[in-house]
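Q: Below is final-v5.txt; it holds compact mmCIF, N, CA and C atoms.
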# COMPACT_ATOMS: atom_id res chain seq x y z
N MET P 215 0.85 -1.18 0.00
CA MET P 215 0.00 0.00 0.00
C MET P 215 0.90 1.24 0.00
N ILE P 216 0.51 2.25 -0.76
CA ILE P 216 1.27 3.49 -0.80
C ILE P 216 0.36 4.66 -0.44
N SER P 217 0.97 5.75 -0.04
CA SER P 217 0.19 6.90 0.44
C SER P 217 -0.03 7.96 -0.62
N THR P 218 -0.17 7.54 -1.86
CA THR P 218 -0.45 8.50 -2.92
C THR P 218 -1.75 8.12 -3.61
N ARG P 219 -2.59 9.10 -3.88
CA ARG P 219 -3.87 8.82 -4.53
C ARG P 219 -3.71 8.54 -6.01
N ASN P 220 -2.66 9.08 -6.62
CA ASN P 220 -2.49 8.99 -8.07
C ASN P 220 -1.44 7.95 -8.42
N ASN P 221 -1.89 6.94 -9.18
CA ASN P 221 -1.06 5.81 -9.52
C ASN P 221 -1.47 5.38 -10.93
N MET P 222 -0.67 5.75 -11.93
CA MET P 222 -1.02 5.48 -13.32
C MET P 222 -0.02 4.50 -13.92
N SER P 223 -0.51 3.45 -14.57
CA SER P 223 0.35 2.42 -15.15
C SER P 223 0.51 2.62 -16.65
N GLY P 224 1.71 2.27 -17.14
CA GLY P 224 1.97 2.37 -18.56
C GLY P 224 3.30 1.75 -18.91
N LYS P 225 3.73 1.99 -20.14
CA LYS P 225 5.00 1.48 -20.63
C LYS P 225 5.90 2.65 -21.03
N VAL P 226 7.17 2.56 -20.69
CA VAL P 226 8.13 3.58 -21.08
C VAL P 226 8.14 3.68 -22.60
N SER P 227 7.92 4.89 -23.11
CA SER P 227 7.91 5.08 -24.56
C SER P 227 9.17 5.81 -25.04
N ASN P 228 9.81 6.56 -24.13
CA ASN P 228 11.00 7.32 -24.52
C ASN P 228 11.76 7.74 -23.27
N ILE P 229 13.07 7.77 -23.37
CA ILE P 229 13.92 8.28 -22.29
C ILE P 229 14.85 9.31 -22.91
N ILE P 230 14.73 10.54 -22.44
CA ILE P 230 15.59 11.62 -22.93
C ILE P 230 16.61 11.90 -21.83
N GLU P 231 17.87 11.57 -22.12
CA GLU P 231 18.93 11.71 -21.12
C GLU P 231 19.56 13.08 -21.17
N GLY P 232 19.72 13.68 -20.00
CA GLY P 232 20.48 14.91 -19.84
C GLY P 232 21.78 14.58 -19.14
N SER P 233 22.51 15.60 -18.73
CA SER P 233 23.79 15.35 -18.06
C SER P 233 23.59 14.84 -16.63
N VAL P 234 22.48 15.17 -15.99
CA VAL P 234 22.21 14.75 -14.62
C VAL P 234 20.89 13.97 -14.52
N ASN P 235 19.89 14.48 -15.16
CA ASN P 235 18.55 13.90 -15.07
C ASN P 235 18.08 13.34 -16.41
N CYS P 236 16.97 12.61 -16.34
CA CYS P 236 16.32 12.07 -17.54
C CYS P 236 14.85 12.45 -17.49
N LEU P 237 14.28 12.64 -18.68
CA LEU P 237 12.84 12.77 -18.79
C LEU P 237 12.35 11.43 -19.32
N VAL P 238 11.56 10.74 -18.51
CA VAL P 238 11.03 9.44 -18.89
C VAL P 238 9.58 9.65 -19.30
N GLN P 239 9.27 9.32 -20.56
CA GLN P 239 7.91 9.46 -21.07
C GLN P 239 7.25 8.08 -21.05
N VAL P 240 5.98 8.07 -20.64
CA VAL P 240 5.26 6.82 -20.43
C VAL P 240 3.96 6.84 -21.22
N ASP P 241 3.74 5.80 -22.03
CA ASP P 241 2.50 5.64 -22.77
C ASP P 241 1.46 5.08 -21.80
N LEU P 242 0.41 5.88 -21.56
CA LEU P 242 -0.64 5.50 -20.61
C LEU P 242 -1.87 4.92 -21.31
N GLY P 243 -1.82 4.82 -22.63
CA GLY P 243 -2.93 4.29 -23.40
C GLY P 243 -3.82 5.37 -23.96
N ASN P 244 -4.51 5.05 -25.03
CA ASN P 244 -5.47 5.94 -25.68
C ASN P 244 -4.88 7.32 -26.00
N GLY P 245 -3.61 7.35 -26.38
CA GLY P 245 -2.97 8.60 -26.77
C GLY P 245 -2.47 9.46 -25.62
N GLU P 246 -2.65 8.99 -24.39
CA GLU P 246 -2.17 9.77 -23.23
C GLU P 246 -0.73 9.41 -22.91
N VAL P 247 0.05 10.44 -22.64
CA VAL P 247 1.45 10.26 -22.28
C VAL P 247 1.71 10.99 -20.97
N GLY P 248 2.38 10.31 -20.06
CA GLY P 248 2.80 10.92 -18.80
C GLY P 248 4.31 11.03 -18.80
N ALA P 249 4.84 11.85 -17.91
CA ALA P 249 6.29 12.05 -17.88
C ALA P 249 6.77 12.22 -16.45
N CYS P 250 8.00 11.79 -16.24
CA CYS P 250 8.67 11.92 -14.94
C CYS P 250 10.09 12.41 -15.18
N ASN P 251 10.49 13.41 -14.43
CA ASN P 251 11.87 13.89 -14.46
C ASN P 251 12.57 13.20 -13.30
N THR P 252 13.54 12.35 -13.61
CA THR P 252 14.22 11.59 -12.56
C THR P 252 15.71 11.53 -12.85
N SER P 253 16.46 10.99 -11.94
CA SER P 253 17.92 10.95 -12.09
C SER P 253 18.36 9.82 -13.01
N LEU P 254 19.53 9.99 -13.59
CA LEU P 254 20.14 8.92 -14.39
C LEU P 254 20.31 7.66 -13.54
N LYS P 255 20.68 7.88 -12.27
CA LYS P 255 20.88 6.76 -11.34
C LYS P 255 19.60 5.94 -11.20
N THR P 256 18.46 6.62 -11.06
CA THR P 256 17.18 5.92 -10.92
C THR P 256 16.85 5.12 -12.17
N VAL P 257 17.08 5.71 -13.34
CA VAL P 257 16.81 5.01 -14.60
C VAL P 257 17.63 3.73 -14.67
N LYS P 258 18.90 3.81 -14.28
CA LYS P 258 19.76 2.63 -14.31
C LYS P 258 19.36 1.61 -13.23
N GLU P 259 19.06 2.08 -12.02
CA GLU P 259 18.68 1.17 -10.93
C GLU P 259 17.40 0.42 -11.23
N LEU P 260 16.45 1.08 -11.89
CA LEU P 260 15.18 0.43 -12.23
C LEU P 260 15.26 -0.36 -13.53
N GLY P 261 16.40 -0.23 -14.23
CA GLY P 261 16.58 -0.95 -15.49
C GLY P 261 15.58 -0.51 -16.55
N LEU P 262 15.33 0.80 -16.61
CA LEU P 262 14.32 1.31 -17.54
C LEU P 262 14.82 1.31 -18.98
N ALA P 263 13.91 0.96 -19.88
CA ALA P 263 14.15 0.99 -21.33
C ALA P 263 12.79 1.08 -21.98
N GLN P 264 12.78 1.36 -23.27
CA GLN P 264 11.50 1.40 -23.99
C GLN P 264 10.76 0.08 -23.77
N GLY P 265 9.48 0.19 -23.43
CA GLY P 265 8.65 -0.99 -23.23
C GLY P 265 8.56 -1.48 -21.80
N THR P 266 9.39 -0.93 -20.90
CA THR P 266 9.35 -1.33 -19.50
C THR P 266 8.02 -0.89 -18.86
N ASP P 267 7.38 -1.81 -18.14
CA ASP P 267 6.16 -1.47 -17.40
C ASP P 267 6.53 -0.64 -16.18
N VAL P 268 5.86 0.49 -16.01
CA VAL P 268 6.13 1.37 -14.88
C VAL P 268 4.82 1.96 -14.35
N LYS P 269 4.93 2.58 -13.19
CA LYS P 269 3.82 3.35 -12.62
C LYS P 269 4.31 4.76 -12.37
N LEU P 270 3.43 5.71 -12.62
CA LEU P 270 3.70 7.11 -12.28
C LEU P 270 2.92 7.41 -11.01
N LEU P 271 3.62 7.86 -9.98
CA LEU P 271 3.01 8.15 -8.69
C LEU P 271 3.14 9.64 -8.40
N PHE P 272 2.04 10.26 -7.97
CA PHE P 272 2.12 11.67 -7.57
C PHE P 272 1.00 11.99 -6.60
N LYS P 273 1.29 12.92 -5.70
CA LYS P 273 0.36 13.28 -4.64
C LYS P 273 -0.71 14.24 -5.15
N ALA P 274 -1.89 14.12 -4.59
CA ALA P 274 -3.04 14.94 -5.01
C ALA P 274 -2.79 16.46 -4.87
N PRO P 275 -2.08 16.93 -3.85
CA PRO P 275 -1.87 18.39 -3.75
C PRO P 275 -0.98 18.97 -4.85
N THR P 276 -0.26 18.10 -5.61
CA THR P 276 0.62 18.60 -6.67
C THR P 276 -0.10 18.75 -8.00
N VAL P 277 -1.39 18.38 -8.05
CA VAL P 277 -2.16 18.43 -9.28
C VAL P 277 -2.91 19.76 -9.37
N ILE P 278 -2.65 20.50 -10.44
CA ILE P 278 -3.35 21.75 -10.71
C ILE P 278 -4.54 21.42 -11.60
N VAL P 279 -5.73 21.88 -11.24
CA VAL P 279 -6.89 21.65 -12.09
C VAL P 279 -7.41 22.97 -12.62
N ALA P 280 -8.00 22.91 -13.81
CA ALA P 280 -8.56 24.11 -14.44
C ALA P 280 -9.77 23.71 -15.27
N ASN P 281 -10.70 24.64 -15.42
CA ASN P 281 -11.87 24.34 -16.25
C ASN P 281 -11.69 24.84 -17.68
N GLU P 282 -10.47 25.23 -18.02
CA GLU P 282 -10.13 25.59 -19.39
C GLU P 282 -8.67 25.21 -19.65
N GLN P 283 -8.36 24.97 -20.92
CA GLN P 283 -6.99 24.61 -21.27
C GLN P 283 -6.08 25.79 -21.05
N MET P 284 -4.88 25.52 -20.50
CA MET P 284 -3.92 26.58 -20.20
C MET P 284 -2.58 26.25 -20.86
N ASN P 285 -1.82 27.28 -21.18
CA ASN P 285 -0.45 27.09 -21.63
C ASN P 285 0.43 27.19 -20.40
N VAL P 286 0.80 26.03 -19.87
CA VAL P 286 1.60 25.98 -18.65
C VAL P 286 2.83 25.12 -18.88
N GLY P 287 3.84 25.34 -18.08
CA GLY P 287 5.09 24.61 -18.21
C GLY P 287 5.09 23.29 -17.47
N THR P 288 4.16 22.42 -17.81
CA THR P 288 4.13 21.08 -17.23
C THR P 288 4.19 20.05 -18.35
N GLN P 289 4.85 18.95 -18.08
CA GLN P 289 4.91 17.86 -19.06
C GLN P 289 3.63 17.04 -19.06
N ASN P 290 2.96 16.99 -17.92
CA ASN P 290 1.77 16.16 -17.77
C ASN P 290 0.52 17.01 -17.88
N LYS P 291 -0.20 16.83 -18.98
CA LYS P 291 -1.42 17.59 -19.25
C LYS P 291 -2.52 16.59 -19.60
N PHE P 292 -3.54 16.53 -18.76
CA PHE P 292 -4.61 15.56 -18.95
C PHE P 292 -5.96 16.26 -19.04
N TYR P 293 -6.91 15.62 -19.71
CA TYR P 293 -8.25 16.16 -19.89
C TYR P 293 -9.26 15.06 -19.60
N GLY P 294 -10.33 15.42 -18.92
CA GLY P 294 -11.35 14.42 -18.65
C GLY P 294 -12.56 15.02 -17.96
N LYS P 295 -13.37 14.13 -17.38
CA LYS P 295 -14.59 14.56 -16.71
C LYS P 295 -14.46 14.31 -15.21
N VAL P 296 -15.05 15.21 -14.44
CA VAL P 296 -15.08 15.06 -12.99
C VAL P 296 -16.00 13.89 -12.66
N VAL P 297 -15.47 12.90 -11.94
CA VAL P 297 -16.27 11.75 -11.53
C VAL P 297 -16.55 11.77 -10.03
N GLU P 298 -15.83 12.64 -9.32
CA GLU P 298 -16.06 12.79 -7.88
C GLU P 298 -15.69 14.21 -7.48
N ALA P 299 -16.53 14.82 -6.67
CA ALA P 299 -16.27 16.17 -6.16
C ALA P 299 -16.76 16.23 -4.72
N LYS P 300 -15.80 16.34 -3.79
CA LYS P 300 -16.14 16.39 -2.37
C LYS P 300 -15.69 17.72 -1.80
N LYS P 301 -16.64 18.51 -1.37
CA LYS P 301 -16.35 19.82 -0.82
C LYS P 301 -16.06 19.71 0.68
N GLY P 302 -14.92 20.26 1.07
CA GLY P 302 -14.55 20.30 2.48
C GLY P 302 -14.63 21.72 3.01
N ASP P 303 -14.34 21.89 4.28
CA ASP P 303 -14.37 23.22 4.88
C ASP P 303 -13.22 24.09 4.37
N ILE P 304 -12.04 23.49 4.20
CA ILE P 304 -10.85 24.24 3.78
C ILE P 304 -10.30 23.72 2.46
N VAL P 305 -10.25 22.40 2.34
CA VAL P 305 -9.71 21.74 1.14
C VAL P 305 -10.79 20.83 0.56
N SER P 306 -10.83 20.75 -0.77
CA SER P 306 -11.81 19.92 -1.46
C SER P 306 -11.12 18.96 -2.41
N LEU P 307 -11.78 17.83 -2.68
CA LEU P 307 -11.25 16.80 -3.57
C LEU P 307 -11.95 16.86 -4.92
N VAL P 308 -11.13 16.82 -5.99
CA VAL P 308 -11.65 16.73 -7.35
C VAL P 308 -11.01 15.51 -7.98
N LYS P 309 -11.83 14.57 -8.49
CA LYS P 309 -11.30 13.39 -9.17
C LYS P 309 -11.77 13.44 -10.61
N ILE P 310 -10.79 13.40 -11.54
CA ILE P 310 -11.04 13.49 -12.97
C ILE P 310 -10.70 12.15 -13.61
N GLU P 311 -11.59 11.64 -14.48
CA GLU P 311 -11.30 10.44 -15.24
C GLU P 311 -10.97 10.84 -16.67
N THR P 312 -9.81 10.41 -17.15
CA THR P 312 -9.35 10.76 -18.49
C THR P 312 -9.94 9.81 -19.52
N LYS P 313 -9.72 10.11 -20.80
CA LYS P 313 -10.22 9.26 -21.89
C LYS P 313 -9.66 7.84 -21.81
N ALA P 314 -8.44 7.72 -21.30
CA ALA P 314 -7.80 6.40 -21.18
C ALA P 314 -8.28 5.65 -19.94
N GLY P 315 -9.15 6.27 -19.15
CA GLY P 315 -9.66 5.63 -17.94
C GLY P 315 -8.82 5.86 -16.70
N ASN P 316 -7.78 6.67 -16.82
CA ASN P 316 -6.97 7.00 -15.66
C ASN P 316 -7.73 7.98 -14.78
N LYS P 317 -7.65 7.79 -13.47
CA LYS P 317 -8.29 8.71 -12.54
C LYS P 317 -7.21 9.52 -11.84
N ILE P 318 -7.41 10.84 -11.84
CA ILE P 318 -6.46 11.76 -11.24
C ILE P 318 -7.17 12.54 -10.15
N SER P 319 -6.63 12.46 -8.94
CA SER P 319 -7.20 13.18 -7.81
C SER P 319 -6.39 14.43 -7.54
N SER P 320 -7.10 15.50 -7.21
CA SER P 320 -6.47 16.77 -6.86
C SER P 320 -7.11 17.31 -5.59
N LEU P 321 -6.29 17.84 -4.72
CA LEU P 321 -6.78 18.56 -3.55
C LEU P 321 -6.58 20.04 -3.80
N ILE P 322 -7.67 20.79 -3.75
CA ILE P 322 -7.61 22.23 -4.00
C ILE P 322 -8.32 22.96 -2.87
N THR P 323 -8.08 24.25 -2.78
CA THR P 323 -8.79 25.01 -1.74
C THR P 323 -10.28 25.01 -2.06
N THR P 324 -11.08 25.06 -1.02
CA THR P 324 -12.53 25.12 -1.21
C THR P 324 -12.92 26.42 -1.91
N GLU P 325 -12.15 27.47 -1.70
CA GLU P 325 -12.39 28.73 -2.40
C GLU P 325 -12.28 28.52 -3.92
N SER P 326 -11.22 27.83 -4.37
CA SER P 326 -11.06 27.54 -5.80
C SER P 326 -12.16 26.60 -6.29
N PHE P 327 -12.50 25.62 -5.49
CA PHE P 327 -13.56 24.67 -5.81
C PHE P 327 -14.86 25.42 -6.12
N ASP P 328 -15.18 26.38 -5.26
CA ASP P 328 -16.41 27.18 -5.45
C ASP P 328 -16.30 28.11 -6.67
N GLU P 329 -15.14 28.76 -6.82
CA GLU P 329 -14.95 29.69 -7.95
C GLU P 329 -15.06 28.98 -9.30
N MET P 330 -14.58 27.73 -9.37
CA MET P 330 -14.66 26.97 -10.61
C MET P 330 -15.98 26.22 -10.75
N ASN P 331 -16.82 26.30 -9.71
CA ASN P 331 -18.11 25.63 -9.72
C ASN P 331 -17.95 24.15 -10.08
N VAL P 332 -17.05 23.45 -9.37
CA VAL P 332 -16.74 22.06 -9.65
C VAL P 332 -17.95 21.18 -9.34
N GLN P 333 -18.33 20.38 -10.33
CA GLN P 333 -19.45 19.44 -10.17
C GLN P 333 -19.15 18.18 -10.96
N VAL P 334 -19.68 17.07 -10.51
CA VAL P 334 -19.55 15.82 -11.24
C VAL P 334 -20.11 16.02 -12.65
N GLY P 335 -19.35 15.56 -13.65
CA GLY P 335 -19.75 15.72 -15.05
C GLY P 335 -19.06 16.86 -15.76
N ASN P 336 -18.52 17.83 -14.99
CA ASN P 336 -17.78 18.93 -15.61
C ASN P 336 -16.56 18.39 -16.34
N GLU P 337 -16.20 19.02 -17.46
CA GLU P 337 -14.96 18.70 -18.15
C GLU P 337 -13.87 19.59 -17.58
N MET P 338 -12.73 18.97 -17.23
CA MET P 338 -11.65 19.73 -16.60
C MET P 338 -10.30 19.23 -17.09
N TYR P 339 -9.31 20.04 -16.85
CA TYR P 339 -7.92 19.73 -17.18
C TYR P 339 -7.15 19.52 -15.88
N ALA P 340 -6.16 18.63 -15.93
CA ALA P 340 -5.27 18.38 -14.80
C ALA P 340 -3.84 18.51 -15.28
N TYR P 341 -3.03 19.23 -14.51
CA TYR P 341 -1.63 19.50 -14.87
C TYR P 341 -0.73 19.07 -13.71
N VAL P 342 0.37 18.36 -14.05
CA VAL P 342 1.31 17.90 -13.03
C VAL P 342 2.73 18.09 -13.56
N LYS P 343 3.57 18.77 -12.80
CA LYS P 343 4.97 18.93 -13.21
C LYS P 343 5.68 17.58 -13.15
N ALA P 344 6.50 17.30 -14.14
CA ALA P 344 7.23 16.04 -14.21
C ALA P 344 8.14 15.84 -13.00
N MET P 345 8.59 16.93 -12.39
CA MET P 345 9.46 16.84 -11.20
C MET P 345 8.68 16.37 -9.97
N ASN P 346 7.34 16.42 -10.03
CA ASN P 346 6.51 15.98 -8.89
C ASN P 346 6.06 14.53 -9.04
N VAL P 347 6.56 13.85 -10.07
CA VAL P 347 6.15 12.46 -10.33
C VAL P 347 7.30 11.52 -9.95
N VAL P 348 6.93 10.41 -9.32
CA VAL P 348 7.89 9.37 -8.93
C VAL P 348 7.61 8.14 -9.78
N LEU P 349 8.67 7.49 -10.26
CA LEU P 349 8.54 6.25 -11.04
C LEU P 349 8.63 5.04 -10.12
N SER P 350 7.84 4.03 -10.46
CA SER P 350 7.88 2.77 -9.73
C SER P 350 7.71 1.64 -10.73
N LYS P 351 8.25 0.48 -10.40
CA LYS P 351 8.06 -0.70 -11.25
C LYS P 351 7.15 -1.68 -10.55
Give the structure from the file, written as structure tokens.
A:
Amino acid sequence: MISTRNNMSGKVSNIIEGSVNCLVQVDLGNGEVGACNTSLKTVKELGLAQGTDVKLLFKAPTVIVANEQMNVGTQNKFYGKVVEAKKGDIVSLVKIETKAGNKISSLITTESFDEMNVQVGNEMYAYVKAMNVVLSK
């Protein structure tokens, strides 16, 4: 068991090596691609190569949600419908299901939840920086 709400499975589709870090791109199905910025050491320790089965793990507070498409500097950009919306006193939960069937949870302030009028069935975007994603096998 892990303490992260977001756990997406796929296959490594590309590894772009830098001098210190790598950008690992993962095919999540149905045209969706996720990405993780990780160290060269991690890529070698996990034995990553094209076709390797992996999981992308990220915490709900690191997910930015919007009710319109934005030009933002994130590698992970997803689109889907809200399948769960729980309003809290201070923080609220938004769960989006993508076209590939991946579910992405985000914790946002209740003020933002109200301003965006979040409701089940709404179409929304989810953005996650690749540096906030952890790879697992």
Q: So that I can check the secondary structure, give me every residue of chain P assigned strand (DSSP E or B) by backbone DSSP, as a ChimeraX atom specification.
A: /P:220-231,235-243,246-253,267-272,278-280,290-300,305-312,317-323,337-342,348-350
Q: Smallest atom-to-atom distance to Gln289 (chain P): which of P:Lys273, P:Lys343, P:Lys313, P:Lys255, using all atoms listed in the file?
A: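 The answer is P:Lys343, which sits nearest to Gln289 (chain P).
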Q: From the set P:Val257, P:Met222, P:Val247, P:Ile322, which residue has the shortest atom-to-atom contact distance to Ala299 (chain P), counting only C-alpha atoms?
A: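 Nearest to Ala299 (chain P): P:Ile322.
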Q: What is the distance, in Å and to one decimal place, between CA of Lys300 (chain P) and CA of Ile216 (chain P)?
A: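 Interatomic distance here is 21.7 Å.
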Q: Could you tell me which of P:Thr218, P:Ser326, P:Val234, P:Asn331 comes closest to Phe272 (chain P) if we count only N, CA and C atoms?
A: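 Smallest distance to Phe272 (chain P) is found for P:Thr218.
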Q: Write out as a list in words which residues come within 5 Å of Val308 (chain P) when counting only N, CA and C atoms, dropping same-chain ones fewer than 5 positions away.
A: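 Here the qualifying residues turn out to be Glu298, Ala299, Ser319 and Ser320 of chain P.
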Q: Could those selected residues go to a file with N, CA and C atoms, as a PDB file, in the frame of the given file?
A:
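Saved the output as out-v7.pdb:
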ATOM      1  N   GLU P 298     -15.830  12.640  -9.320  1.00  0.00           N
ATOM      2  CA  GLU P 298     -16.060  12.790  -7.880  1.00  0.00           C
ATOM      3  C   GLU P 298     -15.690  14.210  -7.480  1.00  0.00           C
ATOM      4  N   ALA P 299     -16.530  14.820  -6.670  1.00  0.00           N
ATOM      5  CA  ALA P 299     -16.270  16.170  -6.160  1.00  0.00           C
ATOM      6  C   ALA P 299     -16.760  16.230  -4.720  1.00  0.00           C
ATOM      7  N   SER P 319      -6.630  12.460  -8.940  1.00  0.00           N
ATOM      8  CA  SER P 319      -7.200  13.180  -7.810  1.00  0.00           C
ATOM      9  C   SER P 319      -6.390  14.430  -7.540  1.00  0.00           C
ATOM     10  N   SER P 320      -7.100  15.500  -7.210  1.00  0.00           N
ATOM     11  CA  SER P 320      -6.470  16.770  -6.860  1.00  0.00           C
ATOM     12  C   SER P 320      -7.110  17.310  -5.590  1.00  0.00           C
TER      13      SER P 320
END
Q: If you measure from CA of Asn251 (chain P) to CA of Gly232 (chain P), what distance in Å do you get, rounded to one decimal?
A: 10.2 Å
Q: Given the choices P:Val268, P:Met330, P:Ala314, P:Val297, which gets closest to Leu349 (chain P) if the distance is worked out from all atoms listed in the file?
A: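 Among the listed residues, P:Val268 lies closest to Leu349 (chain P).
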